[in-house]
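Coordinates as given in query-v9.txt (compact mmCIF, C-alpha atoms):
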# COMPACT_ATOMS: atom_id res chain seq x y z
CA MET S 17 -33.44 18.74 10.40
CA PRO S 18 -32.76 18.40 14.15
CA SER S 19 -29.15 18.69 15.21
CA GLN S 20 -27.63 16.40 17.80
CA HIS S 21 -25.18 17.73 20.33
CA PRO S 22 -21.75 16.04 19.99
CA ARG S 23 -21.87 15.02 23.66
CA HIS S 24 -24.20 12.20 22.58
CA ASP S 25 -21.26 10.64 20.74
CA LEU S 26 -19.03 10.70 23.82
CA ASN S 27 -18.28 7.30 25.29
CA GLU S 28 -19.14 7.11 28.98
CA LEU S 29 -16.16 4.86 29.73
CA LEU S 30 -13.71 7.15 27.99
CA THR S 31 -14.90 10.32 29.71
CA ASN S 32 -12.61 9.16 32.52
CA GLY S 33 -9.26 10.85 31.88
CA VAL S 34 -7.14 7.86 32.87
CA ARG S 35 -9.06 5.44 30.68
CA LEU S 36 -8.93 7.90 27.81
CA SER S 37 -5.14 8.16 28.23
CA ILE S 38 -4.76 4.36 28.32
CA ALA S 39 -6.79 3.90 25.15
CA ALA S 40 -5.16 6.85 23.39
CA ALA S 41 -1.67 5.62 24.25
CA LEU S 42 -2.45 2.16 22.85
CA GLN S 43 -4.18 3.33 19.69
CA GLU S 44 -1.00 3.64 17.61
CA VAL S 45 0.87 0.59 18.84
CA GLU S 46 0.32 -3.14 18.53
CA LYS S 47 0.68 -3.73 22.24
CA ALA S 48 2.47 -2.27 25.25
CA GLU S 49 3.64 -3.61 28.56
CA PHE S 50 1.47 -2.94 31.63
CA GLY S 51 4.31 -1.26 33.55
CA LEU S 52 5.05 1.09 30.70
CA ILE S 53 1.42 2.25 30.55
CA ARG S 54 1.41 2.61 34.34
CA ASP S 55 4.46 4.90 34.18
CA LEU S 56 3.09 6.84 31.22
CA VAL S 57 -0.29 7.48 32.82
CA GLU S 58 1.34 7.99 36.22
CA ILE S 59 -0.90 5.80 38.34
CA THR S 60 -0.42 2.84 40.66
CA ASN S 61 -0.59 -0.83 39.69
CA PRO S 62 -3.96 -1.42 41.44
CA ALA S 63 -5.49 1.68 39.86
CA LEU S 64 -4.33 0.67 36.40
CA SER S 65 -5.57 -2.90 36.98
CA LYS S 66 -9.02 -1.52 37.82
CA HIS S 67 -9.19 0.63 34.69
CA VAL S 68 -7.85 -2.20 32.55
CA ALA S 69 -10.52 -4.54 33.93
CA THR S 70 -13.22 -1.99 33.07
CA LEU S 71 -11.95 -1.55 29.52
CA GLU S 72 -11.48 -5.29 29.12
CA ALA S 73 -15.06 -5.97 30.28
CA ALA S 74 -16.29 -3.53 27.65
CA GLY S 75 -14.33 -5.39 25.00
CA TYR S 76 -12.04 -2.42 24.36
CA LEU S 77 -8.85 -3.98 25.66
CA GLU S 78 -7.15 -7.36 25.57
CA VAL S 79 -4.77 -8.52 28.27
CA GLU S 80 -2.02 -10.95 27.35
CA LYS S 81 0.12 -12.57 30.00
CA GLY S 82 3.49 -14.06 29.24
CA ARG S 83 7.08 -14.33 30.39
CA VAL S 84 10.38 -12.89 29.27
CA GLY S 85 12.95 -15.21 30.77
CA ARG S 86 11.84 -15.64 34.37
CA ARG S 87 10.02 -12.35 34.53
CA PRO S 88 6.25 -12.30 34.09
CA ARG S 89 4.98 -9.77 31.60
CA THR S 90 1.49 -8.40 31.04
CA TRP S 91 0.72 -6.84 27.69
CA LEU S 92 -2.17 -4.55 26.87
CA ARG S 93 -3.68 -4.30 23.43
CA LEU S 94 -6.53 -2.12 22.17
CA THR S 95 -9.16 -4.15 20.30
CA ASN S 96 -10.79 -3.06 17.05
CA SER S 97 -13.90 -2.27 19.03
CA GLY S 98 -11.78 -0.14 21.38
CA ARG S 99 -10.21 1.69 18.45
CA GLU S 100 -13.65 2.45 17.02
CA ALA S 101 -14.96 3.66 20.37
CA LEU S 102 -11.90 5.85 20.86
CA LYS S 103 -12.20 7.26 17.36
CA ARG S 104 -15.85 8.24 17.91
CA HIS S 105 -15.07 9.70 21.32
CA MET S 106 -12.15 11.75 20.00
CA SER S 107 -14.26 12.98 17.11
CA ALA S 108 -16.98 14.12 19.54
CA LEU S 109 -14.37 15.83 21.73
CA SER S 110 -12.99 17.53 18.67
CA HIS S 111 -16.44 18.85 17.74
CA ILE S 112 -17.06 20.07 21.29
CA ALA S 113 -13.65 21.75 21.39
CA THR S 114 -14.46 23.67 18.25
CA PHE S 115 -18.10 24.38 19.17
CA ALA S 116 -19.29 22.48 16.10
CA THR S 117 -21.96 19.79 15.90
CA PRO S 118 -21.37 16.59 13.91
CA HIS S 119 -24.91 16.41 12.49
CA ALA S 120 -25.83 19.87 11.22
CA MET F 7 -23.57 8.23 25.44
CA SER F 8 -22.97 11.04 27.91
CA SER F 9 -25.63 13.34 29.34
CA GLU F 10 -23.14 16.03 30.34
CA SER F 11 -20.92 17.79 27.91
CA PRO F 12 -17.39 18.85 28.80
CA THR F 13 -16.60 22.50 28.15
CA PRO F 14 -14.76 23.23 24.89
CA SER F 15 -11.56 23.95 26.81
CA ARG F 16 -11.87 20.68 28.78
CA ALA F 17 -12.43 18.81 25.53
CA ALA F 18 -9.37 20.49 24.02
CA ASP F 19 -7.33 19.52 27.10
CA ASP F 20 -8.49 15.88 26.80
CA LEU F 21 -7.52 15.82 23.13
CA ALA F 22 -4.11 17.34 23.87
CA ARG F 23 -3.42 14.84 26.66
CA ALA F 24 -4.51 11.93 24.46
CA ALA F 25 -2.23 13.11 21.66
CA ASP F 26 0.64 13.53 24.10
CA VAL F 27 0.49 9.99 25.54
CA ALA F 28 0.04 8.52 22.06
CA THR F 29 3.17 10.35 20.87
CA GLN F 30 5.17 9.27 23.91
CA LEU F 31 4.28 5.60 23.47
CA ARG F 32 4.82 5.67 19.71
CA SER F 33 8.31 7.10 20.24
CA ARG F 34 9.10 4.10 22.47
CA SER F 35 8.11 1.74 19.65
CA ARG F 36 10.84 2.88 17.26
CA TRP F 37 13.25 0.12 18.32
CA MET F 38 12.42 -1.95 15.22
CA ALA F 39 14.40 0.56 13.14
CA SER F 40 17.52 -0.04 15.25
CA TYR F 41 16.89 -3.78 15.13
CA LEU F 42 16.79 -3.80 11.33
CA THR F 43 19.82 -1.49 11.08
CA LEU F 44 21.93 -3.70 13.34
CA PHE F 45 20.91 -6.83 11.46
CA GLY F 46 21.66 -5.11 8.16
CA VAL F 47 25.15 -4.24 9.35
CA GLY F 48 25.55 -7.73 10.81
CA PHE F 49 24.51 -9.38 7.55
CA ALA F 50 26.97 -7.20 5.64
CA ALA F 51 29.77 -8.03 8.08
CA ILE F 52 29.26 -11.79 7.90
CA THR F 53 28.97 -11.66 4.11
CA VAL F 54 32.32 -9.86 3.84
CA ALA F 55 33.92 -12.11 6.43
CA LEU F 56 32.80 -15.36 4.81
CA GLY F 57 33.74 -14.08 1.38
CA LEU F 58 37.18 -12.76 2.19
CA LEU F 59 38.41 -15.13 4.89
CA GLU F 60 39.69 -18.26 3.21
CA SER F 61 40.91 -20.01 6.34
CA THR F 62 38.31 -22.54 7.50
CA PRO F 63 39.04 -22.17 11.26
CA VAL F 64 38.63 -18.39 11.00
CA ARG F 65 35.38 -18.82 9.08
CA VAL F 66 34.14 -21.15 11.82
CA ILE F 67 35.00 -18.50 14.42
CA VAL F 68 33.09 -15.84 12.44
CA VAL F 69 30.02 -18.07 12.25
CA ALA F 70 30.41 -18.81 15.97
CA LEU F 71 30.36 -15.06 16.64
CA TRP F 72 27.28 -14.61 14.44
CA VAL F 73 25.23 -17.01 16.60
CA PRO F 74 25.50 -15.02 19.88
CA PHE F 75 24.86 -11.84 17.92
CA VAL F 76 21.57 -13.24 16.60
CA VAL F 77 20.62 -14.66 20.00
CA GLY F 78 21.44 -11.33 21.66
CA MET F 79 19.32 -9.42 19.17
CA VAL F 80 16.38 -11.77 19.63
CA ILE F 81 16.61 -11.44 23.43
CA TRP F 82 16.89 -7.65 23.13
CA SER F 83 13.81 -7.47 20.91
CA SER F 84 11.80 -9.72 23.23
CA ARG F 85 12.58 -7.35 26.12
CA GLN F 86 11.14 -4.31 24.40
CA ARG F 87 8.12 -2.97 26.25
CA VAL F 88 6.10 -1.79 23.29
CA VAL F 89 5.54 -3.12 19.78
CA ALA F 90 4.71 -0.72 16.96
CA LEU F 91 1.52 -1.27 15.01
CA LYS F 92 2.11 -3.84 12.23
CA ALA F 93 5.89 -3.42 12.60
CA ARG F 94 6.59 -7.15 12.26
CA ARG F 95 4.40 -7.43 9.19
CA ARG F 96 6.09 -4.38 7.66
CA ALA F 97 9.54 -5.86 8.32
CA MET F 98 8.77 -9.24 6.69
CA PRO F 99 9.47 -8.30 3.05
CA TYR F 100 12.83 -6.77 4.01
CA TRP F 101 13.83 -9.92 5.89
CA ALA F 102 12.76 -12.06 2.95
CA ALA F 103 14.68 -9.89 0.47
CA ALA F 104 17.85 -9.81 2.60
CA SER F 105 17.77 -13.59 3.15
CA LEU F 106 17.21 -14.28 -0.54
CA LEU F 107 20.00 -11.92 -1.60
CA TYR F 108 22.35 -13.44 0.98
CA ALA F 109 21.70 -16.91 -0.47
CA VAL F 110 22.17 -15.67 -4.04
CA VAL F 111 25.40 -13.83 -3.18
CA LEU F 112 26.82 -16.94 -1.49
CA VAL F 113 25.84 -19.24 -4.35
CA ILE F 114 27.39 -16.95 -6.97
CA GLY F 115 30.53 -16.12 -4.99
CA THR F 116 31.42 -19.50 -3.53
CA PRO F 117 33.92 -20.92 -4.19
CA ASP F 118 35.15 -19.14 -7.35
CA LEU F 119 35.13 -15.57 -6.01
CA LEU F 120 36.35 -16.23 -2.46
CA GLY F 121 38.84 -13.56 -1.48
CA ASN F 122 37.74 -11.22 -4.25
CA LEU F 123 37.21 -7.84 -2.59
CA ALA F 124 35.63 -6.35 -5.73
CA TYR F 125 32.85 -8.91 -5.46
CA TRP F 126 32.28 -9.29 -1.72
CA LEU F 127 32.16 -5.63 -0.72
CA PRO F 128 29.34 -4.74 -3.15
CA ALA F 129 27.70 -8.08 -2.35
CA ALA F 130 27.67 -7.18 1.36
CA ALA F 131 26.09 -3.81 0.55
CA VAL F 132 23.42 -5.50 -1.58
CA VAL F 133 22.60 -7.96 1.22
CA ALA F 134 22.36 -5.17 3.82
CA LEU F 135 20.34 -2.82 1.63
CA PRO F 136 16.82 -4.27 2.14
CA LEU F 137 17.18 -4.21 5.94
CA LEU F 138 18.60 -0.68 5.89
CA ILE F 139 15.72 0.47 3.68
CA GLY F 140 13.32 -1.27 6.08
CA ALA F 141 14.94 0.54 9.02
CA TRP F 142 14.67 3.87 7.23
CA ARG F 143 10.99 3.31 6.44
CA GLU F 144 10.33 2.14 10.00
CA ARG F 145 11.75 5.40 11.35
CA ARG F 146 9.34 7.29 9.14
CA ALA F 147 6.30 5.06 9.85
How does the structure come out when it is put into structure tokens?
Amino acid sequence: MPSQHPRHDLNELLTNGVRLSIAAALQEVEKAEFGLIRDLVEITNPALSKHVATLEAAGYLEVEKGRVGRRPRTWLRLTNSGREALKRHMSALSHIATFATPHA
Amino acid sequence: MSSESPTPSRAADDLARAADVATQLRSRSRWMASYLTLFGVGFAAITVALGLLESTPVRVIVVALWVPFVVGMVIWSSRQRVVALKARRRAMPYWAAASLLYAVVLVIGTPDLLGNLAYWLPAAAVVALPLLIGAWRERRA
């Protein structure tokens, strides 16, 4: 039976370290504020906006805009599709890190 | 699908970084435990106050103090920057139980047991208990 290298299960979008961090950070929460993710990932607002737009276009992320008092707030939420993609990507990384192949 | 494979050490680094940011954000989402604890204590305090204070003006003052407390808590929760996964859904049964017990305690204790410390202190603990259990479980979630 032919074996498939785990790199085939890697998600092209999530091979970017920043996007992987954004998705990974959001995987265990309902939603988080844009500024908090920016500080956590240590990037600028425009850079985060760009990565968020990419993930949103892929259907991995939802952006919710609202207000708290007079202050505008932007919330980021990982979609089910994003969670699945992240799970597969992490599993592939895990196999690569341990030199194992998922389909022996 | 990717045509290039990261090295095992690069993959391990990616996994470690992903786990690190996930842990950091999850730790910021623990505020629901404090929220439930404070409301539990607040519920207990107002139960005792309404049960033991027989003067109507003082009771009115206590209720008047309860309103800004609730408003303050709601504002505080709305300002949190991260919401834990399913935290609101998890908290629902504890809110329902505390509210139901509060109503039951008031119905049983008013007016016959007003001023009776032996009734109102345990009653306050019973009312607070669901929210304190919810807070404890939220810390462990």
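Separating CA of Tyr108 (chain F) from CA of Arg146 (chain F) is a distance of 25.8 Å.
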| query | Which neighbours of region 82-98 of chain F fall inside 6 Å, counting only C-alpha atoms, when residues of the same chain fewer than 6 positions from it are skipped, and could you give them as a list of chain:residue names? | reply |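 Here the qualifying residues turn out to be S:Val45, S:Glu46, S:Lys47, S:Ala48, S:Glu49, F:Ser35.
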| Got a sec to pull out which chain F residues are within 9 Å of chain S, counting all atoms listed in the file, and send them as a ChimeraX atom specification? | /F:7-21,23-32,35,81,84-93
Could the residues in this selection be saved with C-alpha atoms as a PDB file, in the frame of the given file?
ATOM      1  CA  MET F   7     -23.570   8.230  25.440  1.00  0.00           C
ATOM      2  CA  SER F   8     -22.970  11.040  27.910  1.00  0.00           C
ATOM      3  CA  SER F   9     -25.630  13.340  29.340  1.00  0.00           C
ATOM      4  CA  GLU F  10     -23.140  16.030  30.340  1.00  0.00           C
ATOM      5  CA  SER F  11     -20.920  17.790  27.910  1.00  0.00           C
ATOM      6  CA  PRO F  12     -17.390  18.850  28.800  1.00  0.00           C
ATOM      7  CA  THR F  13     -16.600  22.500  28.150  1.00  0.00           C
ATOM      8  CA  PRO F  14     -14.760  23.230  24.890  1.00  0.00           C
ATOM      9  CA  SER F  15     -11.560  23.950  26.810  1.00  0.00           C
ATOM     10  CA  ARG F  16     -11.870  20.680  28.780  1.00  0.00           C
ATOM     11  CA  ALA F  17     -12.430  18.810  25.530  1.00  0.00           C
ATOM     12  CA  ALA F  18      -9.370  20.490  24.020  1.00  0.00           C
ATOM     13  CA  ASP F  19      -7.330  19.520  27.100  1.00  0.00           C
ATOM     14  CA  ASP F  20      -8.490  15.880  26.800  1.00  0.00           C
ATOM     15  CA  LEU F  21      -7.520  15.820  23.130  1.00  0.00           C
ATOM     16  CA  ARG F  23      -3.420  14.840  26.660  1.00  0.00           C
ATOM     17  CA  ALA F  24      -4.510  11.930  24.460  1.00  0.00           C
ATOM     18  CA  ALA F  25      -2.230  13.110  21.660  1.00  0.00           C
ATOM     19  CA  ASP F  26       0.640  13.530  24.100  1.00  0.00           C
ATOM     20  CA  VAL F  27       0.490   9.990  25.540  1.00  0.00           C
ATOM     21  CA  ALA F  28       0.040   8.520  22.060  1.00  0.00           C
ATOM     22  CA  THR F  29       3.170  10.350  20.870  1.00  0.00           C
ATOM     23  CA  GLN F  30       5.170   9.270  23.910  1.00  0.00           C
ATOM     24  CA  LEU F  31       4.280   5.600  23.470  1.00  0.00           C
ATOM     25  CA  ARG F  32       4.820   5.670  19.710  1.00  0.00           C
ATOM     26  CA  SER F  35       8.110   1.740  19.650  1.00  0.00           C
ATOM     27  CA  ILE F  81      16.610 -11.440  23.430  1.00  0.00           C
ATOM     28  CA  SER F  84      11.800  -9.720  23.230  1.00  0.00           C
ATOM     29  CA  ARG F  85      12.580  -7.350  26.120  1.00  0.00           C
ATOM     30  CA  GLN F  86      11.140  -4.310  24.400  1.00  0.00           C
ATOM     31  CA  ARG F  87       8.120  -2.970  26.250  1.00  0.00           C
ATOM     32  CA  VAL F  88       6.100  -1.790  23.290  1.00  0.00           C
ATOM     33  CA  VAL F  89       5.540  -3.120  19.780  1.00  0.00           C
ATOM     34  CA  ALA F  90       4.710  -0.720  16.960  1.00  0.00           C
ATOM     35  CA  LEU F  91       1.520  -1.270  15.010  1.00  0.00           C
ATOM     36  CA  LYS F  92       2.110  -3.840  12.230  1.00  0.00           C
ATOM     37  CA  ALA F  93       5.890  -3.420  12.600  1.00  0.00           C
TER      38      ALA F  93
END
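The two atoms in question, CA of Leu71 (chain S) and CA of Leu30 (chain S), are spaced 9.0 Å apart.
By chain and then residue number, the residues within 7 Å of region 136-141 of chain F are Ala39, Ser40, Leu42, Thr43, Gly46, Ala97, Tyr100, Trp101, Ala103 and Ala104 of chain F, counting all atoms listed in the file and disregarding those fewer than 5 positions away in sequence.
Nearest residue to Val113 (chain F) among F:Ile52, F:Gly57, F:Leu44, F:Ile67 is F:Gly57, counting all atoms listed in the file.
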| message | Report, in Å with one decimal, the straight-line distance from CA of Glu100 (chain S) to CA of Thr70 (chain S). | response |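 Between these atoms lies a distance of 16.7 Å.
Minimum distance to Gly98 (chain S) across S:Asn61, S:Arg54, S:Arg35, S:Gly82 (counting all atoms listed in the file) occurs at S:Arg35.
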| said: For a cutoff of 8 Å around the file-coordinate point (-6.7, -6.1, 26.9), which residues qualify once you count all atoms listed in the file? I'd like the result as a list in words. | reply: Val68, Leu71, Glu72, Gly75, Tyr76, Leu77, Glu78, Val79, Glu80, Trp91, Leu92, Arg93, Leu94 and Thr95 of chain S
Output file request: region 94-136 of chain F, with N, CA and C atoms, as a PDB file, in the first residue's frame.
ATOM      1  N   ARG F  94     -20.796  30.839  28.015  1.00  0.00           N
ATOM      2  CA  ARG F  94     -22.144  31.342  28.353  1.00  0.00           C
ATOM      3  C   ARG F  94     -23.127  30.188  28.461  1.00  0.00           C
ATOM      4  N   ARG F  95     -22.991  29.229  27.546  1.00  0.00           N
ATOM      5  CA  ARG F  95     -23.885  28.074  27.574  1.00  0.00           C
ATOM      6  C   ARG F  95     -23.645  27.245  28.832  1.00  0.00           C
ATOM      7  N   ARG F  96     -22.350  27.123  29.208  1.00  0.00           N
ATOM      8  CA  ARG F  96     -22.030  26.357  30.419  1.00  0.00           C
ATOM      9  C   ARG F  96     -22.585  27.027  31.667  1.00  0.00           C
ATOM     10  N   ALA F  97     -22.613  28.370  31.653  1.00  0.00           N
ATOM     11  CA  ALA F  97     -23.037  29.112  32.848  1.00  0.00           C
ATOM     12  C   ALA F  97     -24.558  29.116  33.028  1.00  0.00           C
ATOM     13  N   MET F  98     -25.294  28.896  31.950  1.00  0.00           N
ATOM     14  CA  MET F  98     -26.765  28.975  31.986  1.00  0.00           C
ATOM     15  C   MET F  98     -27.418  28.164  33.103  1.00  0.00           C
ATOM     16  N   PRO F  99     -27.103  26.876  33.236  1.00  0.00           N
ATOM     17  CA  PRO F  99     -27.783  26.084  34.278  1.00  0.00           C
ATOM     18  C   PRO F  99     -27.529  26.625  35.679  1.00  0.00           C
ATOM     19  N   TYR F 100     -26.346  27.191  35.908  1.00  0.00           N
ATOM     20  CA  TYR F 100     -26.026  27.726  37.242  1.00  0.00           C
ATOM     21  C   TYR F 100     -26.834  28.993  37.520  1.00  0.00           C
ATOM     22  N   TRP F 101     -26.990  29.816  36.480  1.00  0.00           N
ATOM     23  CA  TRP F 101     -27.839  31.005  36.611  1.00  0.00           C
ATOM     24  C   TRP F 101     -29.280  30.605  36.898  1.00  0.00           C
ATOM     25  N   ALA F 102     -29.751  29.623  36.150  1.00  0.00           N
ATOM     26  CA  ALA F 102     -31.142  29.179  36.308  1.00  0.00           C
ATOM     27  C   ALA F 102     -31.354  28.632  37.721  1.00  0.00           C
ATOM     28  N   ALA F 103     -30.398  27.811  38.187  1.00  0.00           N
ATOM     29  CA  ALA F 103     -30.526  27.216  39.525  1.00  0.00           C
ATOM     30  C   ALA F 103     -30.493  28.286  40.609  1.00  0.00           C
ATOM     31  N   ALA F 104     -29.568  29.247  40.490  1.00  0.00           N
ATOM     32  CA  ALA F 104     -29.444  30.301  41.502  1.00  0.00           C
ATOM     33  C   ALA F 104     -30.716  31.163  41.537  1.00  0.00           C
ATOM     34  N   SER F 105     -31.236  31.489  40.364  1.00  0.00           N
ATOM     35  CA  SER F 105     -32.442  32.326  40.292  1.00  0.00           C
ATOM     36  C   SER F 105     -33.642  31.608  40.895  1.00  0.00           C
ATOM     37  N   LEU F 106     -33.764  30.318  40.568  1.00  0.00           N
ATOM     38  CA  LEU F 106     -34.877  29.519  41.089  1.00  0.00           C
ATOM     39  C   LEU F 106     -34.785  29.411  42.622  1.00  0.00           C
ATOM     40  N   LEU F 107     -33.587  29.107  43.106  1.00  0.00           N
ATOM     41  CA  LEU F 107     -33.400  28.974  44.558  1.00  0.00           C
ATOM     42  C   LEU F 107     -33.666  30.305  45.275  1.00  0.00           C
ATOM     43  N   TYR F 108     -33.245  31.391  44.657  1.00  0.00           N
ATOM     44  CA  TYR F 108     -33.476  32.719  45.234  1.00  0.00           C
ATOM     45  C   TYR F 108     -34.983  32.960  45.396  1.00  0.00           C
ATOM     46  N   ALA F 109     -35.727  32.634  44.346  1.00  0.00           N
ATOM     47  CA  ALA F 109     -37.186  32.813  44.393  1.00  0.00           C
ATOM     48  C   ALA F 109     -37.802  31.918  45.473  1.00  0.00           C
ATOM     49  N   VAL F 110     -37.364  30.685  45.538  1.00  0.00           N
ATOM     50  CA  VAL F 110     -37.907  29.735  46.521  1.00  0.00           C
ATOM     51  C   VAL F 110     -37.612  30.209  47.943  1.00  0.00           C
ATOM     52  N   VAL F 111     -36.360  30.630  48.164  1.00  0.00           N
ATOM     53  CA  VAL F 111     -35.932  31.108  49.486  1.00  0.00           C
ATOM     54  C   VAL F 111     -36.760  32.325  49.918  1.00  0.00           C
ATOM     55  N   LEU F 112     -37.011  33.225  48.993  1.00  0.00           N
ATOM     56  CA  LEU F 112     -37.803  34.423  49.319  1.00  0.00           C
ATOM     57  C   LEU F 112     -39.259  34.054  49.621  1.00  0.00           C
ATOM     58  N   VAL F 113     -39.807  33.159  48.818  1.00  0.00           N
ATOM     59  CA  VAL F 113     -41.210  32.761  49.018  1.00  0.00           C
ATOM     60  C   VAL F 113     -41.387  32.084  50.378  1.00  0.00           C
ATOM     61  N   ILE F 114     -40.443  31.188  50.704  1.00  0.00           N
ATOM     62  CA  ILE F 114     -40.553  30.469  51.990  1.00  0.00           C
ATOM     63  C   ILE F 114     -40.313  31.405  53.179  1.00  0.00           C
ATOM     64  N   GLY F 115     -39.325  32.290  53.035  1.00  0.00           N
ATOM     65  CA  GLY F 115     -38.896  33.093  54.190  1.00  0.00           C
ATOM     66  C   GLY F 115     -39.655  34.384  54.426  1.00  0.00           C
ATOM     67  N   THR F 116     -40.431  34.814  53.438  1.00  0.00           N
ATOM     68  CA  THR F 116     -41.116  36.105  53.566  1.00  0.00           C
ATOM     69  C   THR F 116     -42.630  35.903  53.701  1.00  0.00           C
ATOM     70  N   PRO F 117     -43.256  36.464  54.682  1.00  0.00           N
ATOM     71  CA  PRO F 117     -42.715  37.379  55.701  1.00  0.00           C
ATOM     72  C   PRO F 117     -42.400  36.675  57.033  1.00  0.00           C
ATOM     73  N   ASP F 118     -42.819  35.391  57.163  1.00  0.00           N
ATOM     74  CA  ASP F 118     -42.765  34.738  58.473  1.00  0.00           C
ATOM     75  C   ASP F 118     -41.368  34.656  59.089  1.00  0.00           C
ATOM     76  N   LEU F 119     -40.352  34.450  58.249  1.00  0.00           N
ATOM     77  CA  LEU F 119     -39.006  34.215  58.799  1.00  0.00           C
ATOM     78  C   LEU F 119     -38.095  35.439  58.704  1.00  0.00           C
ATOM     79  N   LEU F 120     -38.654  36.589  58.396  1.00  0.00           N
ATOM     80  CA  LEU F 120     -37.831  37.801  58.307  1.00  0.00           C
ATOM     81  C   LEU F 120     -37.137  38.048  59.646  1.00  0.00           C
ATOM     82  N   GLY F 121     -35.837  38.306  59.569  1.00  0.00           N
ATOM     83  CA  GLY F 121     -35.056  38.558  60.777  1.00  0.00           C
ATOM     84  C   GLY F 121     -34.515  37.297  61.432  1.00  0.00           C
ATOM     85  N   ASN F 122     -34.848  36.151  60.888  1.00  0.00           N
ATOM     86  CA  ASN F 122     -34.400  34.889  61.474  1.00  0.00           C
ATOM     87  C   ASN F 122     -33.050  34.494  60.865  1.00  0.00           C
ATOM     88  N   LEU F 123     -31.995  34.713  61.636  1.00  0.00           N
ATOM     89  CA  LEU F 123     -30.627  34.454  61.168  1.00  0.00           C
ATOM     90  C   LEU F 123     -30.430  32.982  60.800  1.00  0.00           C
ATOM     91  N   ALA F 124     -31.047  32.093  61.590  1.00  0.00           N
ATOM     92  CA  ALA F 124     -30.883  30.652  61.379  1.00  0.00           C
ATOM     93  C   ALA F 124     -31.472  30.208  60.039  1.00  0.00           C
ATOM     94  N   TYR F 125     -32.379  31.009  59.506  1.00  0.00           N
ATOM     95  CA  TYR F 125     -32.928  30.674  58.192  1.00  0.00           C
ATOM     96  C   TYR F 125     -32.137  31.373  57.075  1.00  0.00           C
ATOM     97  N   TRP F 126     -31.906  32.669  57.227  1.00  0.00           N
ATOM     98  CA  TRP F 126     -31.381  33.460  56.109  1.00  0.00           C
ATOM     99  C   TRP F 126     -29.913  33.203  55.804  1.00  0.00           C
ATOM    100  N   LEU F 127     -29.124  32.870  56.810  1.00  0.00           N
ATOM    101  CA  LEU F 127     -27.708  32.585  56.502  1.00  0.00           C
ATOM    102  C   LEU F 127     -27.562  31.314  55.657  1.00  0.00           C
ATOM    103  N   PRO F 128     -28.171  30.188  56.070  1.00  0.00           N
ATOM    104  CA  PRO F 128     -28.100  29.010  55.187  1.00  0.00           C
ATOM    105  C   PRO F 128     -28.773  29.254  53.835  1.00  0.00           C
ATOM    106  N   ALA F 129     -29.859  30.017  53.856  1.00  0.00           N
ATOM    107  CA  ALA F 129     -30.566  30.311  52.600  1.00  0.00           C
ATOM    108  C   ALA F 129     -29.643  31.057  51.634  1.00  0.00           C
ATOM    109  N   ALA F 130     -28.871  32.010  52.175  1.00  0.00           N
ATOM    110  CA  ALA F 130     -27.936  32.771  51.327  1.00  0.00           C
ATOM    111  C   ALA F 130     -26.883  31.835  50.735  1.00  0.00           C
ATOM    112  N   ALA F 131     -26.412  30.894  51.554  1.00  0.00           N
ATOM    113  CA  ALA F 131     -25.402  29.942  51.067  1.00  0.00           C
ATOM    114  C   ALA F 131     -25.978  29.063  49.955  1.00  0.00           C
ATOM    115  N   VAL F 132     -27.222  28.647  50.143  1.00  0.00           N
ATOM    116  CA  VAL F 132     -27.886  27.796  49.140  1.00  0.00           C
ATOM    117  C   VAL F 132     -28.041  28.552  47.813  1.00  0.00           C
ATOM    118  N   VAL F 133     -28.418  29.824  47.914  1.00  0.00           N
ATOM    119  CA  VAL F 133     -28.601  30.636  46.705  1.00  0.00           C
ATOM    120  C   VAL F 133     -27.265  30.828  45.972  1.00  0.00           C
ATOM    121  N   ALA F 134     -26.203  31.042  46.757  1.00  0.00           N
ATOM    122  CA  ALA F 134     -24.884  31.312  46.145  1.00  0.00           C
ATOM    123  C   ALA F 134     -24.250  30.052  45.571  1.00  0.00           C
ATOM    124  N   LEU F 135     -24.597  28.920  46.137  1.00  0.00           N
ATOM    125  CA  LEU F 135     -23.908  27.668  45.798  1.00  0.00           C
ATOM    126  C   LEU F 135     -23.842  27.349  44.293  1.00  0.00           C
ATOM    127  N   PRO F 136     -24.959  27.398  43.560  1.00  0.00           N
ATOM    128  CA  PRO F 136     -24.858  27.056  42.122  1.00  0.00           C
ATOM    129  C   PRO F 136     -23.848  27.927  41.379  1.00  0.00           C
TER     130      PRO F 136
END
